[in-house]
Each structure stands twice: as C-alpha cells, then as structure tokens.
>>> print(open('target.txt').read())   # compact mmCIF, C-alpha atoms
# COMPACT_ATOMS: atom_id res chain seq x y z
CA MET M 24 -33.65 -42.13 8.69
CA ASN M 25 -33.72 -42.88 4.94
CA ARG M 26 -37.32 -41.72 4.62
CA LEU M 27 -36.70 -40.99 0.93
CA GLN M 28 -34.64 -44.06 0.09
CA ASP M 29 -34.19 -44.36 -3.69
CA LYS M 30 -36.86 -41.72 -4.37
CA ILE M 31 -36.27 -39.49 -7.39
CA ILE M 32 -36.47 -35.95 -6.00
CA VAL M 33 -36.11 -32.85 -8.18
CA VAL M 34 -35.36 -29.41 -6.71
CA THR M 35 -35.65 -26.31 -8.87
CA GLY M 36 -33.16 -23.58 -8.03
CA GLY M 37 -31.07 -26.07 -6.12
CA SER M 38 -27.99 -23.87 -6.40
CA GLY M 39 -29.49 -21.20 -4.15
CA LEU M 40 -29.28 -20.77 -0.40
CA ILE M 41 -32.31 -22.84 0.58
CA GLY M 42 -32.10 -25.05 -2.49
CA ARG M 43 -28.64 -26.34 -1.56
CA ALA M 44 -29.83 -27.18 1.95
CA ILE M 45 -32.86 -29.05 0.58
CA LEU M 46 -30.70 -31.06 -1.81
CA GLU M 47 -28.28 -31.98 0.96
CA HIS M 48 -31.09 -33.06 3.28
CA VAL M 49 -32.99 -35.21 0.78
CA LYS M 50 -29.75 -36.92 -0.17
CA GLY M 51 -29.18 -37.61 3.51
CA GLU M 52 -32.61 -39.23 3.57
CA GLY M 53 -31.53 -41.61 0.80
CA ALA M 54 -32.98 -39.83 -2.23
CA ILE M 55 -31.56 -39.56 -5.71
CA ALA M 56 -31.55 -35.76 -5.83
CA LEU M 57 -31.53 -33.68 -9.01
CA ASN M 58 -30.85 -29.96 -9.14
CA ILE M 59 -32.43 -28.15 -12.08
CA ASP M 60 -31.17 -24.60 -12.40
CA ILE M 61 -30.38 -22.12 -15.12
CA ASN M 62 -26.65 -21.83 -14.36
CA VAL M 63 -25.52 -25.42 -13.84
CA LEU M 64 -23.69 -27.96 -15.96
CA ASP M 65 -26.11 -30.18 -17.84
CA ASP M 66 -25.05 -33.52 -16.36
CA ILE M 67 -27.94 -35.64 -15.12
CA ASN M 68 -25.62 -38.44 -14.02
CA ASN M 69 -24.03 -36.03 -11.54
CA GLY M 70 -27.36 -34.64 -10.40
CA THR M 71 -27.47 -31.32 -12.29
CA ILE M 72 -29.69 -30.35 -15.21
CA ASN M 73 -29.64 -26.98 -16.94
CA CYS M 74 -33.17 -25.64 -17.29
CA ASP M 75 -35.03 -22.35 -17.67
CA ILE M 76 -38.22 -22.92 -15.67
CA THR M 77 -39.85 -19.86 -17.26
CA ASN M 78 -39.72 -21.68 -20.61
CA GLU M 79 -42.30 -24.45 -21.01
CA ASN M 80 -40.31 -26.24 -23.71
CA SER M 81 -37.20 -26.25 -21.51
CA VAL M 82 -39.12 -27.81 -18.62
CA GLN M 83 -40.72 -30.39 -20.91
CA VAL M 84 -37.34 -31.48 -22.29
CA VAL M 85 -35.94 -31.85 -18.77
CA LEU M 86 -38.91 -33.92 -17.63
CA GLU M 87 -38.54 -36.25 -20.58
CA GLU M 88 -34.85 -36.66 -19.81
CA ILE M 89 -35.53 -37.48 -16.15
CA VAL M 90 -38.25 -39.99 -16.96
CA GLN M 91 -36.12 -41.59 -19.66
CA THR M 92 -33.21 -41.92 -17.21
CA TYR M 93 -35.04 -42.88 -14.01
CA GLY M 94 -38.48 -43.98 -15.14
CA ARG M 95 -40.41 -41.72 -12.78
CA ILE M 96 -40.41 -38.62 -10.55
CA ASP M 97 -41.35 -39.20 -6.92
CA GLY M 98 -40.96 -35.69 -5.56
CA TRP M 99 -40.65 -32.18 -6.98
CA VAL M 100 -39.72 -29.04 -5.02
CA ASN M 101 -40.59 -25.69 -6.58
CA ASN M 102 -37.88 -23.59 -4.98
CA ALA M 103 -36.50 -21.48 -7.87
CA TYR M 104 -36.87 -17.74 -7.52
CA PRO M 105 -36.37 -15.93 -10.87
CA ARG M 106 -36.57 -12.14 -10.63
CA THR M 107 -35.66 -8.96 -12.44
CA ALA M 108 -32.60 -6.79 -11.88
CA ASP M 109 -34.76 -4.09 -10.27
CA TRP M 110 -36.31 -6.54 -7.77
CA GLY M 111 -36.55 -4.83 -4.41
CA ASN M 112 -37.66 -1.38 -5.57
CA LYS M 113 -40.00 0.44 -3.23
CA PHE M 114 -43.66 0.23 -4.22
CA GLU M 115 -43.94 3.70 -5.74
CA ASN M 116 -40.91 2.98 -7.94
CA ILE M 117 -42.10 -0.34 -9.38
CA SER M 118 -42.86 -0.16 -13.08
CA THR M 119 -45.82 -2.05 -14.50
CA ASN M 120 -43.47 -3.97 -16.80
CA SER M 121 -41.33 -5.03 -13.85
CA TRP M 122 -44.41 -6.21 -11.94
CA ARG M 123 -45.61 -8.21 -14.95
CA GLU M 124 -42.21 -9.75 -15.58
CA ASN M 125 -41.78 -10.88 -11.98
CA VAL M 126 -45.27 -12.35 -11.71
CA ASP M 127 -44.72 -14.10 -15.03
CA GLY M 128 -41.26 -15.36 -14.08
CA GLN M 129 -42.20 -16.66 -10.65
CA LEU M 130 -45.89 -17.48 -10.48
CA ASN M 131 -46.37 -18.56 -14.07
CA SER M 132 -43.26 -20.75 -13.99
CA LEU M 133 -44.83 -22.45 -10.96
CA PHE M 134 -47.88 -23.18 -13.12
CA ILE M 135 -45.70 -24.53 -15.94
CA CYS M 136 -43.73 -26.83 -13.65
CA CYS M 137 -46.78 -28.11 -11.79
CA LYS M 138 -48.82 -28.75 -14.91
CA LEU M 139 -46.07 -30.74 -16.63
CA VAL M 140 -44.82 -32.58 -13.53
CA LEU M 141 -48.30 -33.60 -12.38
CA ALA M 142 -48.96 -35.18 -15.77
CA VAL M 143 -46.08 -37.54 -14.93
CA MET M 144 -46.74 -37.90 -11.20
CA LYS M 145 -50.40 -38.85 -11.42
CA ASN M 146 -49.30 -42.33 -12.43
CA ASN M 147 -47.08 -42.96 -9.41
CA ASN M 148 -48.50 -41.09 -6.38
CA GLY M 149 -45.88 -38.35 -6.32
CA SER M 150 -45.50 -35.37 -4.01
CA ILE M 151 -44.90 -31.67 -4.72
CA VAL M 152 -43.62 -29.13 -2.21
CA ASN M 153 -43.77 -25.43 -3.06
CA ILE M 154 -41.47 -23.04 -1.21
CA ALA M 155 -43.62 -20.06 -0.27
CA SER M 156 -43.05 -17.54 2.53
CA VAL M 157 -44.57 -16.09 5.68
CA TYR M 158 -45.18 -13.00 3.54
CA GLY M 159 -47.66 -15.04 1.58
CA VAL M 160 -49.58 -15.45 4.85
CA VAL M 161 -49.25 -12.10 6.65
CA GLY M 162 -48.41 -8.55 5.67
CA PRO M 163 -44.86 -7.28 6.07
CA ASP M 164 -43.57 -5.45 9.11
CA PHE M 165 -41.77 -2.58 7.38
CA GLY M 166 -40.21 -1.53 10.67
CA VAL M 167 -37.56 -4.22 10.30
CA TYR M 168 -36.26 -2.34 7.25
CA ASP M 169 -35.93 1.05 8.97
CA GLY M 170 -32.52 2.62 8.39
CA THR M 171 -31.56 0.14 5.67
CA ASP M 172 -31.77 0.17 1.88
CA MET M 173 -33.94 -2.95 1.96
CA THR M 174 -37.67 -3.42 1.59
CA MET M 175 -40.13 -6.24 1.02
CA PRO M 176 -40.96 -6.34 -2.71
CA ALA M 177 -44.68 -5.88 -3.38
CA ALA M 178 -44.79 -8.63 -6.00
CA TYR M 179 -43.42 -11.07 -3.44
CA SER M 180 -46.63 -10.87 -1.40
CA ALA M 181 -48.80 -11.41 -4.47
CA ILE M 182 -46.68 -14.28 -5.75
CA LYS M 183 -46.24 -16.17 -2.49
CA GLY M 184 -49.86 -15.65 -1.46
CA GLY M 185 -50.95 -16.93 -4.86
CA MET M 186 -48.61 -19.89 -4.55
CA ILE M 187 -50.15 -20.96 -1.25
CA ASN M 188 -53.71 -20.94 -2.53
CA PHE M 189 -52.68 -22.53 -5.83
CA THR M 190 -51.19 -25.31 -3.73
CA ARG M 191 -54.59 -25.87 -2.13
CA TYR M 192 -56.23 -25.95 -5.55
CA LEU M 193 -53.81 -28.59 -6.82
CA ALA M 194 -54.16 -30.64 -3.64
CA SER M 195 -57.92 -30.73 -4.12
CA TYR M 196 -57.73 -31.45 -7.86
CA TYR M 197 -55.12 -34.20 -7.73
CA GLY M 198 -55.97 -35.71 -4.35
CA PRO M 199 -58.22 -38.40 -5.90
CA LEU M 200 -55.22 -39.54 -7.95
CA GLY M 201 -53.05 -40.00 -4.87
CA VAL M 202 -50.80 -37.01 -5.53
CA ARG M 203 -50.01 -34.70 -2.60
CA VAL M 204 -49.23 -30.99 -2.95
CA ASN M 205 -48.03 -28.92 0.02
CA CYS M 206 -46.17 -25.71 0.88
CA VAL M 207 -43.36 -24.77 3.20
CA SER M 208 -43.30 -21.10 4.23
CA PRO M 209 -39.97 -20.00 5.72
CA GLY M 210 -39.55 -16.91 7.84
CA GLY M 211 -36.51 -14.66 7.45
CA ILE M 212 -33.32 -16.56 6.60
CA PHE M 213 -29.92 -15.14 7.47
CA ASP M 214 -27.95 -14.31 4.33
CA SER M 215 -25.36 -11.74 5.41
CA GLN M 216 -27.92 -8.93 5.66
CA SER M 217 -26.92 -5.68 7.32
CA GLU M 218 -26.36 -5.75 11.06
CA ARG M 219 -29.15 -3.21 11.58
CA PHE M 220 -31.70 -5.28 9.68
CA VAL M 221 -30.75 -8.48 11.48
CA LYS M 222 -31.04 -6.81 14.87
CA GLN M 223 -34.45 -5.32 14.05
CA TYR M 224 -35.71 -8.60 12.66
CA GLU M 225 -34.50 -10.59 15.65
CA GLN M 226 -36.27 -8.22 18.05
CA ARG M 227 -39.54 -8.93 16.22
CA VAL M 228 -39.43 -12.75 16.06
CA PRO M 229 -40.23 -14.72 19.25
CA MET M 230 -37.14 -16.94 18.97
CA ARG M 231 -35.01 -13.78 18.72
CA ARG M 232 -32.98 -14.93 15.73
CA MET M 233 -33.21 -15.40 12.00
CA GLY M 234 -33.58 -18.85 10.50
CA LYS M 235 -30.91 -20.93 8.79
CA PRO M 236 -31.29 -22.83 5.51
CA HIS M 237 -30.71 -26.22 7.14
CA GLU M 238 -33.64 -25.52 9.44
CA ILE M 239 -36.03 -25.30 6.48
CA ALA M 240 -34.88 -28.42 4.64
CA PRO M 241 -36.19 -31.09 7.08
CA SER M 242 -39.77 -29.86 6.68
CA VAL M 243 -39.46 -30.35 2.93
CA SER M 244 -38.14 -33.89 3.31
CA PHE M 245 -40.96 -34.68 5.73
CA LEU M 246 -43.66 -33.50 3.32
CA LEU M 247 -42.07 -35.48 0.48
CA SER M 248 -41.95 -38.65 2.57
CA GLU M 249 -44.48 -41.31 3.46
CA ASP M 250 -44.51 -39.90 7.00
CA ALA M 251 -46.74 -37.21 5.48
CA ALA M 252 -48.87 -39.66 3.50
CA TYR M 253 -52.15 -38.14 4.72
CA ILE M 254 -51.08 -34.49 4.45
CA THR M 255 -52.00 -32.45 1.40
CA GLY M 256 -53.00 -28.84 0.79
CA HIS M 257 -51.05 -27.82 3.89
CA ASN M 258 -48.80 -24.80 4.39
CA LEU M 259 -46.11 -25.69 6.93
CA ILE M 260 -44.76 -22.48 8.44
CA VAL M 261 -41.15 -22.55 9.65
CA ASP M 262 -40.57 -19.07 11.03
CA GLY M 263 -39.39 -19.05 14.63
CA GLY M 264 -42.84 -17.84 15.66
CA TRP M 265 -43.03 -14.78 13.38
CA THR M 266 -46.65 -15.42 12.35
CA SER M 267 -47.77 -16.39 15.86
CA ILE M 268 -47.93 -12.81 17.13
>>> encode(input="target.txt", output="structure tokens")
Amino acid sequence: MNRLQDKIIVVTGGSGLIGRAILEHVKGEGAIALNIDINVLDDINNGTINCDITNENSVQVVLEEIVQTYGRIDGWVNNAYPRTADWGNKFENISTNSWRENVDGQLNSLFICCKLVLAVMKNNNGSIVNIASVYGVVGPDFGVYDGTDMTMPAAYSAIKGGMINFTRYLASYYGPLGVRVNCVSPGGIFDSQSERFVKQYEQRVPMRRMGKPHEIAPSVSFLLSEDAAYITGHNLIVDGGWTSI
C-alpha cells in the first residue's frame, strides 16, 4: 500500500525476532528503513548502524549521522531489548544489582532515545512507536510456565508497564507540536519454546495459538503512517485475545 513511501524509519534492535519483521514490513510499505543495533555492521547506506542505545553519546552520534544523511527522521520504533545474562531468574533469586541494571538498560535507554529523537522530530511531525507487552497491562499467568524452566521476569512487568504510561506522557507533552507517540503490546510470540510451554500458553489464549512476528509488524506500520494521523497515546494490543479474558 506504500503507506510509508520514502519515510525515514528507524528501528532499534532490528536484528531481533520482532525487529526483523518490523523492518521487512516498513520496507514493504515503501520506507527507507534503518536498523540500529549493537551487533551490526556500521553501514548506513545499507541500512545498518551500530549503536549502543544504553549510551547517550552513542545514540546522539547515530542521530546526527542519520540527519546528516537523510535530513530528517519520520518514524522511530523503540524495539531493542537489552538485558543481563541472568535475565529470567525467579523473583526470589533476583539480585538488586540485576534489577537496577535491567531497569537502567531497558527503561532508561527508552528515555534516552525518546529525548534525543523528539528533539529532531518536533520540527517535522514525526511518529514514535514503543514495543511494550501485554505484561505491561496485566499480571502474568504463571500457570503457563508450570513444568518448564521458564518464568516471566519481574523487571519485565515494571519496565513494560512504565513504557506504556511514559508513552502517554510523551503523547500529551508533544501532541501540540504534531508529534505522535504510541505503543504496540504483543502477546506471546512463538520462538521455539518448549512444547509444554507452547501447549499451556495456547490453552490460555482465545485464538489457541501463539503469535508470529509478522503479525505484530503491520500494527507498527499503521501507527507510523498517516492512516493513524489522529492517534496518539494509544496502546495497541496484538495478543490473540489474551487480555480480553
């Protein structure tokens, strides 16, 4: 449909599962798509820029490079998901330092990116989409993890819940300048989890299956596009009905 024709769209963490799907979809909508990630070749002409989003100077340098090359940023997707090696510990085993590091790496990097990007966007009516989660909206159903070595990390709830309300704050603050800020909250996405977990999850969700990355991406493109020109501060939930019951 070319809803994003010639728009400059940046996706953080574009090398990940959902990030790759978002990049593919915005390109299909006609966008010039840029992947900024910590483990990619620094080659802006081929759509990849090496960046540590937890480092304010790194983000600032990348923004200057993008603006120098393209003159503007039309859309920015905060999708990156930095986390510690012990991410996924059960609550009673989480150290205070681990909690602090994960909140700093994820939530504070969101602040860094938004603050710097919005300083550029406010001059050209840009759009930001933050990738949150259903677990920023509702509490976890720990039954889906029974019999597995998985759990829902406690910091994830705090971070994604904070992201959703921070999105509302930014939407209110920058709305008068014509900048839109929204969220997409995916439900569970299949990523080769254990058969037991998948079965238990699918029994819980109304559509009786886990989501796929390409099913999340269109909602992001929509919110970036002019089709969503009067939508801001919204959290679009894409979860197969998980939060409806």
>>> residues_near_point(input="target.txt", point="(-48.3, -24.4, 8.9)", cutoff="10 Å", atoms="all atoms listed in the file", output="list of chain:residue names")
M:Val157, M:Val160, M:Asn205, M:Cys206, M:Val207, M:Ser208, M:Pro209, M:His257, M:Asn258, M:Leu259, M:Ile260, M:Val261, M:Asp262, M:Thr266
>>> residues_around(input="target.txt", residues="Pro176 in chain M", least_positions_apart="6", cutoff="12 Å", atoms="all atoms listed in the file", output="tab-separated table (two decimals) with C-alpha atoms, in the frame of the given file")
chain	number	residue	atom	x	y	z
M	106	ARG	CA	-36.57	-12.14	-10.63
M	107	THR	CA	-35.66	-8.96	-12.44
M	109	ASP	CA	-34.76	-4.09	-10.27
M	110	TRP	CA	-36.31	-6.54	-7.77
M	111	GLY	CA	-36.55	-4.83	-4.41
M	112	ASN	CA	-37.66	-1.38	-5.57
M	113	LYS	CA	-40.00	0.44	-3.23
M	114	PHE	CA	-43.66	0.23	-4.22
M	115	GLU	CA	-43.94	3.70	-5.74
M	116	ASN	CA	-40.91	2.98	-7.94
M	117	ILE	CA	-42.10	-0.34	-9.38
M	121	SER	CA	-41.33	-5.03	-13.85
M	122	TRP	CA	-44.41	-6.21	-11.94
M	125	ASN	CA	-41.78	-10.88	-11.98
M	126	VAL	CA	-45.27	-12.35	-11.71
M	158	TYR	CA	-45.18	-13.00	3.54
M	159	GLY	CA	-47.66	-15.04	1.58
M	162	GLY	CA	-48.41	-8.55	5.67
M	163	PRO	CA	-44.86	-7.28	6.07
M	165	PHE	CA	-41.77	-2.58	7.38
M	168	TYR	CA	-36.26	-2.34	7.25
M	182	ILE	CA	-46.68	-14.28	-5.75
M	183	LYS	CA	-46.24	-16.17	-2.49
>>> residues_around(input="target.txt", residues="range 46-53 of chain M", least_positions_apart="4", cutoff="9 Å", atoms="all atoms listed in the file", output="list in words")
Met24, Asn25, Arg26, Leu27, Gln28, Asp29, Lys30, Ile32, Val33, Val34, Gly37, Ser38, Ile41, Gly42, Leu57, Asn58, His237, Ala240, Pro241, Val243 and Ser244 of chain M
>>> closest_residue(input="target.txt", among="M:Gly211, M:Gly70, M:Gly185, M:Gly256", to="Gln223 in chain M", atoms="only C-alpha atoms")
M:Gly211
>>> residues_around(input="target.txt", residues="range 127-140 of chain M", least_positions_apart="4", cutoff="7 Å", atoms="only C-alpha atoms", output="ChimeraX atom specification")
/M:76-77,79,82-83,101,104-106,123,144,182,186
>>> closest_residue(input="target.txt", among="M:Glu238, M:Asp75, M:Glu87, M:Asp172", to="Ile45 in chain M", atoms="only C-alpha atoms")
M:Glu238
>>> residues_around(input="target.txt", residues="Lys235 in chain M", least_positions_apart="4", cutoff="8 Å", atoms="only C-alpha atoms", output="JSON, numbers by chain")
{"M": [212, 213, 239]}
>>> write_last_selection(input="target.txt", atoms="C-alpha atoms", output="short mmCIF file (atom, residue, chain, number, x, y, z; two decimals), in the coordinates of the input")
data_model
loop_
_atom_site.label_atom_id
_atom_site.label_comp_id
_atom_site.auth_asym_id
_atom_site.auth_seq_id
_atom_site.Cartn_x
_atom_site.Cartn_y
_atom_site.Cartn_z
CA ILE M 212 -33.32 -16.56 6.60
CA PHE M 213 -29.92 -15.14 7.47
CA ILE M 239 -36.03 -25.30 6.48
#
>>> closest_residue(input="target.txt", among="M:Asn188, M:Asn78, M:Asn146, M:Thr35", to="Val100 in chain M", atoms="only C-alpha atoms")
M:Thr35
>>> closest_residue(input="target.txt", among="M:Leu193, M:Leu200, M:Met230, M:Ser156", to="Ser180 in chain M", atoms="only C-alpha atoms")
M:Ser156
